[in-house]
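A.B. asks: Below are the structure tokens for one structure; questions will follow.
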Amino acid sequence: AYLGAESAVQGCFDSAFDDVARAFDAWRADADPGRGVLLLGHSQGGQMVSRLVRERFDDDPALRARLVGVMPIGWSLGVDAGERVGGSSEVVPVCSGDEEAGCIVGFRSYAEGAQAPSRSGRFDEGEEEVCVHPGAVAAGSGRLAGAVFGLGEGRIVTPPEELDLGDAEYVLYEDYFSAACRSGDDAGLEVRADPGTGDQRQSPVDFDSANLRGTAGTHVLDVQLALGDLVARARSMGEAWGAR
């Protein structure tokens with residue numbers, strides 16, 4: 001649908017969103033009314049989550065009070081120029097502090113020195129691209145706590161041969177990558193391998209490969225590169241929401 005004719009695209013998106021919205025409405029009807037909710041999705045899932053916020057939460061203060069956080073990763077989120085709202089949501093703000101809840105964490109990633117993910121104008125949701133570093137919300141830059149890569153068929157990463165992984169299905173690289181939110185023409189989360197002094201590990205990610213340096217950036221690794229930080233951010237949002 002993303003590459004289809006303009007006249008056909010919206011119907012495809014509406015059909016996909018109807019499924020997501022009905023699933024959410026079914027959950028809401030059955031769940032404890034005091035229970036919080038964390039919304040997350042990647043790529044098309046990020047698009048669906050962003051729309052769900054606008055159509056279910058923007059005009060419902062009671063439902064917004066239950067919102068632990070929103071993580072529409074890998075989607076072209078946007079805000080009004082210089083603001084934390086507008087575009088993706090008129091009410092739910094983009095996170096700006098490390099102790100916040102009920103706000104949006106989102107980014108599109110790309111390799112250091114490569115082209116930032118392009119803003120097509122066709123699907124962008126606001127004037128300015130949203131980028132929130134999931135591990136350093138306030139600072140906007142810092143090390144990534146833990147990148148998790150699958151080792152199954154079709155994997156994007158290739159761990160060094162000398163690393164004996166046995167039958168492991170995943171590999172965790174703690175404190176190995178760094179990332180920084182950029183703005184303007186380079187808007188997005190710029191990621192690089194950043195081993196510390198004495199760290200002899202080799203990067204499992206070839207950031208120079210063609211499928212990681214195109215107009216989509218490192219889209220296929222958005223979640224994997226920041227998974228440790230996203231899990232920690234979900235936990236801190238839950239704690240902040242519970243305290244509030």
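Ordered as shown in the structure tokens, chains take letters A, B, and onward, while each chain numbers its residues from 1 and ligands are numbered from 1 in the order shown.
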Just the residues within 12 Å of Val85 in chain A, please, counting only C-alpha atoms, with nothing from its chain fewer than 5 positions along; format it as an MDAnalysis selection string.
C.D. replies: chainID A and resid 54 58 77:80 90:96 103:104 125:130
A.B. asks: Do you know which residues are at most 10 Å from Val137 in chain A counting only C-alpha atoms, after dropping those on the same chain fewer than 6 positions away, and could you put them as a list in words?
C.D. replies: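 So the residues in contact are Cys95, Ser96, Gly97, Asp98, Glu99, Glu100, Val105, Cys131, Cys181 and Arg233 of chain A.
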A.B. asks: Go ahead and write the residues just picked, N, CA, C and O atoms, as a compact mmCIF listing (two decimals), in the first residue's frame.
C.D. replies:
```txt
# COMPACT_ATOMS: atom_id res chain seq x y z
N CYS A 95 7.61 12.91 24.76
CA CYS A 95 8.34 12.91 26.02
C CYS A 95 9.54 13.86 25.96
O CYS A 95 10.24 13.93 24.94
N SER A 96 9.79 14.56 27.05
CA SER A 96 10.94 15.46 27.12
C SER A 96 11.79 15.22 28.36
O SER A 96 12.85 15.81 28.50
N GLY A 97 11.33 14.35 29.27
CA GLY A 97 12.07 14.08 30.50
C GLY A 97 12.12 12.60 30.79
O GLY A 97 11.29 11.82 30.31
N ASP A 98 13.09 12.20 31.60
CA ASP A 98 13.32 10.78 31.87
C ASP A 98 12.35 10.19 32.89
O ASP A 98 12.30 8.98 33.05
N GLU A 99 11.57 11.02 33.56
CA GLU A 99 10.66 10.51 34.59
C GLU A 99 9.21 10.70 34.20
O GLU A 99 8.32 10.67 35.06
N GLU A 100 8.93 10.88 32.93
CA GLU A 100 7.56 11.16 32.48
C GLU A 100 6.79 9.89 32.15
O GLU A 100 7.38 8.85 31.85
N VAL A 105 7.28 8.21 22.92
CA VAL A 105 8.68 7.93 22.60
C VAL A 105 8.71 7.36 21.19
O VAL A 105 8.10 6.33 20.91
N CYS A 131 12.04 12.77 17.38
CA CYS A 131 13.09 11.83 17.77
C CYS A 131 13.25 11.90 19.28
O CYS A 131 13.55 12.97 19.83
N CYS A 181 19.89 11.96 18.92
CA CYS A 181 18.81 12.52 18.14
C CYS A 181 19.31 13.73 17.37
O CYS A 181 19.95 14.63 17.94
N ARG A 233 12.58 1.90 29.44
CA ARG A 233 11.70 3.07 29.38
C ARG A 233 10.27 2.67 29.70
O ARG A 233 9.56 3.40 30.40
```
A.B. asks: With DSSP run on the backbone, what are the strand (DSSP E) residues within range 8-147 of chain A? I'd like them as a PyMOL selection string.
C.D. replies: chain A and resi 37-42+67-73+78-79+109-111+128-129+141-143+146-147
A.B. asks: Could the residues in this selection be saved with N, CA, C and O atoms as an mmCIF file, in the first residue's frame?
C.D. replies:
```
data_model
loop_
_atom_site.group_PDB
_atom_site.id
_atom_site.type_symbol
_atom_site.label_atom_id
_atom_site.label_comp_id
_atom_site.auth_asym_id
_atom_site.auth_seq_id
_atom_site.Cartn_x
_atom_site.Cartn_y
_atom_site.Cartn_z
ATOM 1 N N VAL A 37 -2.339 1.439 30.240
ATOM 2 C CA VAL A 37 -2.066 0.810 28.946
ATOM 3 C C VAL A 37 -0.838 1.460 28.317
ATOM 4 O O VAL A 37 -0.686 2.686 28.311
ATOM 5 N N LEU A 38 0.040 0.614 27.808
ATOM 6 C CA LEU A 38 1.207 1.042 27.045
ATOM 7 C C LEU A 38 0.999 0.593 25.601
ATOM 8 O O LEU A 38 0.771 -0.590 25.341
ATOM 9 N N LEU A 39 1.057 1.527 24.672
ATOM 10 C CA LEU A 39 0.853 1.219 23.259
ATOM 11 C C LEU A 39 2.196 1.199 22.546
ATOM 12 O O LEU A 39 2.983 2.135 22.684
ATOM 13 N N LEU A 40 2.460 0.139 21.780
ATOM 14 C CA LEU A 40 3.712 0.111 21.030
ATOM 15 C C LEU A 40 3.531 -0.619 19.718
ATOM 16 O O LEU A 40 2.677 -1.488 19.569
ATOM 17 N N GLY A 41 4.335 -0.227 18.753
ATOM 18 C CA GLY A 41 4.319 -0.858 17.447
ATOM 19 C C GLY A 41 5.510 -0.363 16.654
ATOM 20 O O GLY A 41 6.111 0.661 16.980
ATOM 21 N N HIS A 42 5.868 -1.096 15.611
ATOM 22 C CA HIS A 42 6.989 -0.697 14.763
ATOM 23 C C HIS A 42 6.553 -0.613 13.309
ATOM 24 O O HIS A 42 5.754 -1.432 12.848
ATOM 25 N N LEU A 67 -3.141 6.242 30.190
ATOM 26 C CA LEU A 67 -2.069 6.048 29.221
ATOM 27 C C LEU A 67 -0.703 6.065 29.912
ATOM 28 O O LEU A 67 -0.225 7.109 30.367
ATOM 29 N N VAL A 68 -0.085 4.911 29.989
ATOM 30 C CA VAL A 68 1.257 4.795 30.570
ATOM 31 C C VAL A 68 2.280 5.407 29.620
ATOM 32 O O VAL A 68 3.194 6.127 30.026
ATOM 33 N N GLY A 69 2.151 5.116 28.328
ATOM 34 C CA GLY A 69 3.071 5.656 27.345
ATOM 35 C C GLY A 69 2.739 5.152 25.962
ATOM 36 O O GLY A 69 1.923 4.240 25.780
ATOM 37 N N VAL A 70 3.384 5.766 24.967
ATOM 38 C CA VAL A 70 3.165 5.416 23.571
ATOM 39 C C VAL A 70 4.525 5.258 22.898
ATOM 40 O O VAL A 70 5.378 6.136 23.014
ATOM 41 N N MET A 71 4.719 4.160 22.176
ATOM 42 C CA MET A 71 5.984 3.903 21.491
ATOM 43 C C MET A 71 5.720 3.498 20.037
ATOM 44 O O MET A 71 5.767 2.324 19.684
ATOM 45 N N PRO A 72 5.457 4.460 19.160
ATOM 46 C CA PRO A 72 5.280 4.147 17.740
ATOM 47 C C PRO A 72 6.645 4.250 17.036
ATOM 48 O O PRO A 72 6.979 5.265 16.431
ATOM 49 N N ILE A 73 7.431 3.189 17.120
ATOM 50 C CA ILE A 73 8.815 3.214 16.650
ATOM 51 C C ILE A 73 8.863 3.023 15.127
ATOM 52 O O ILE A 73 8.101 2.240 14.560
ATOM 53 N N GLY A 78 5.352 13.371 13.930
ATOM 54 C CA GLY A 78 5.645 14.784 13.804
ATOM 55 C C GLY A 78 4.919 15.629 14.822
ATOM 56 O O GLY A 78 3.923 15.208 15.419
ATOM 57 N N VAL A 79 5.449 16.821 15.027
ATOM 58 C CA VAL A 79 4.841 17.820 15.909
ATOM 59 C C VAL A 79 4.840 19.159 15.181
ATOM 60 O O VAL A 79 5.512 19.338 14.167
ATOM 61 N N SER A 109 15.702 5.373 12.971
ATOM 62 C CA SER A 109 17.154 5.294 13.139
ATOM 63 C C SER A 109 17.893 5.248 11.805
ATOM 64 O O SER A 109 17.338 4.869 10.771
ATOM 65 N N TYR A 110 19.150 5.648 11.866
ATOM 66 C CA TYR A 110 20.035 5.548 10.703
ATOM 67 C C TYR A 110 21.479 5.523 11.175
ATOM 68 O O TYR A 110 21.792 5.937 12.298
ATOM 69 N N ALA A 111 22.373 5.011 10.319
ATOM 70 C CA ALA A 111 23.776 4.873 10.678
ATOM 71 C C ALA A 111 24.496 6.215 10.619
ATOM 72 O O ALA A 111 24.198 7.059 9.768
ATOM 73 N N GLU A 128 7.673 18.968 12.119
ATOM 74 C CA GLU A 128 9.013 18.573 12.546
ATOM 75 C C GLU A 128 9.029 17.101 12.929
ATOM 76 O O GLU A 128 8.132 16.616 13.617
ATOM 77 N N GLU A 129 10.058 16.387 12.474
ATOM 78 C CA GLU A 129 10.222 14.968 12.792
ATOM 79 C C GLU A 129 10.450 14.778 14.292
ATOM 80 O O GLU A 129 11.207 15.522 14.928
ATOM 81 N N SER A 141 20.980 12.168 23.730
ATOM 82 C CA SER A 141 22.091 11.371 23.212
ATOM 83 C C SER A 141 22.694 10.557 24.345
ATOM 84 O O SER A 141 22.583 10.925 25.519
ATOM 85 N N GLY A 142 23.345 9.457 23.988
ATOM 86 C CA GLY A 142 23.973 8.606 24.996
ATOM 87 C C GLY A 142 24.088 7.183 24.505
ATOM 88 O O GLY A 142 23.643 6.834 23.404
ATOM 89 N N ARG A 143 24.702 6.351 25.325
ATOM 90 C CA ARG A 143 24.908 4.959 24.965
ATOM 91 C C ARG A 143 23.585 4.198 25.006
ATOM 92 O O ARG A 143 22.671 4.558 25.758
ATOM 93 N N GLY A 146 21.297 -1.918 25.584
ATOM 94 C CA GLY A 146 21.379 -3.302 25.130
ATOM 95 C C GLY A 146 20.708 -3.510 23.794
ATOM 96 O O GLY A 146 19.505 -3.312 23.666
ATOM 97 N N ALA A 147 21.490 -3.905 22.797
ATOM 98 C CA ALA A 147 20.940 -4.241 21.485
ATOM 99 C C ALA A 147 20.759 -5.750 21.412
ATOM 100 O O ALA A 147 21.645 -6.507 21.819
#
```
A.B. asks: From the options A:Pro159, A:Ser43, A:Val49, A:Pro33, which residue's atoms come nearest to Ala21 in chain A, counting only C-alpha atoms?
C.D. replies: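 Closest candidate: A:Val49.
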A.B. asks: Just asking: which residues within range 23-155 of chain A are helix (DSSP H, G or I) according to DSSP, as number ranges by chain?
C.D. replies: A: 23-30, 44-57, 61-64
A.B. asks: Give the answer as one residue: which of A:Arg56, A:Arg122, A:His219, A:Arg244 has the shortest atom-to-atom distance to Val191 in chain A, using only C-alpha atoms?
C.D. replies: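 Closest residue, counting only C-alpha atoms: A:His219.
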A.B. asks: If I take CA of Ser76 in chain A and CA of Ser15 in chain A, how far is one from the other in Å, to one decimal?
C.D. replies: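 It comes out at 20.0 Å.
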A.B. asks: Determine, counting only C-alpha atoms, which protein, DNA and RNA residues have an atom within 10 Å of an atom of range 164-178 of chain A; residues of the same chain fewer than 3 positions away are not included. Present the result as a compact mmCIF listing (two decimals) with C-alpha atoms, in the first residue's frame.
C.D. replies:
```txt
# COMPACT_ATOMS: atom_id res chain seq x y z
CA GLU A 112 26.25 7.61 11.53
CA SER A 141 22.09 11.37 23.21
CA GLY A 142 23.97 8.61 25.00
CA ARG A 143 24.91 4.96 24.96
CA LEU A 144 22.33 2.30 24.18
CA ALA A 145 21.93 -0.11 27.08
CA GLY A 146 21.38 -3.30 25.13
CA ALA A 147 20.94 -4.24 21.48
CA VAL A 148 19.31 -7.63 20.85
CA PHE A 149 19.71 -9.38 17.50
CA GLY A 150 18.01 -12.51 16.26
CA LEU A 151 20.23 -15.26 14.84
CA GLY A 152 17.65 -17.08 12.74
CA VAL A 157 23.50 -9.09 11.64
CA PRO A 159 28.29 -11.91 14.90
CA PRO A 160 32.04 -12.61 14.67
CA GLU A 161 32.87 -16.23 13.83
CA LEU A 189 18.25 8.75 15.75
CA GLU A 190 21.84 8.51 14.49
CA VAL A 191 23.43 5.26 15.67
CA ARG A 192 27.05 4.12 15.72
CA ALA A 193 29.18 1.30 17.08
CA ASP A 194 30.95 2.77 20.08
CA PRO A 195 32.98 0.20 22.04
CA GLY A 196 34.63 1.58 25.14
CA ASP A 199 36.31 -3.46 24.57
CA ARG A 201 34.06 -6.97 20.68
CA GLN A 202 33.55 -6.60 16.95
CA SER A 203 30.37 -5.02 15.65
CA PRO A 204 27.81 -7.56 14.40
CA GLN A 224 16.69 -4.32 17.95
CA LEU A 225 19.30 -1.59 18.45
CA ALA A 226 17.33 0.05 21.26
CA LEU A 227 15.48 -2.90 22.76
CA GLY A 228 17.18 -2.75 26.16
```
A.B. asks: With distances taken over only C-alpha atoms, which of A:Gly45, A:Ser209, A:Phe123, A:Phe17 is nearest to Leu3 in chain A?
C.D. replies: A:Phe123
A.B. asks: For a test of reading the model, state the distance in Å between CA of Val220 in chain A and CA of Gly74 in chain A, rounded to one decimal.
C.D. replies: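 Taking CA of Val220 in chain A as the start and CA of Gly74 in chain A as the end point, the length is 8.8 Å.
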A.B. asks: I'd like the contact shell of range 115-117 of chain A - 8 Å cut-off, only C-alpha atoms, skipping same-chain residues fewer than 4 positions apart - returned as a list in words.
C.D. replies: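 Non-adjacent residues within range: Arg108, Ser109, Tyr110, Ala111, Asp185, Asp186, Ala187, Gly188, Glu190, Arg213, Gly214, Thr215, Ala216 and Gly217 of chain A.
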A.B. asks: Closest to Ala243 in chain A among A:Asp18, A:His133, A:Arg51, A:Ala101, using only C-alpha atoms?
C.D. replies: A:Ala101
A.B. asks: So how many Å separate CA of Val53 in chain A and CA of Ser118 in chain A, to one decimal?
C.D. replies: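 We find that CA of Val53 in chain A and CA of Ser118 in chain A lie 23.7 Å from each other.
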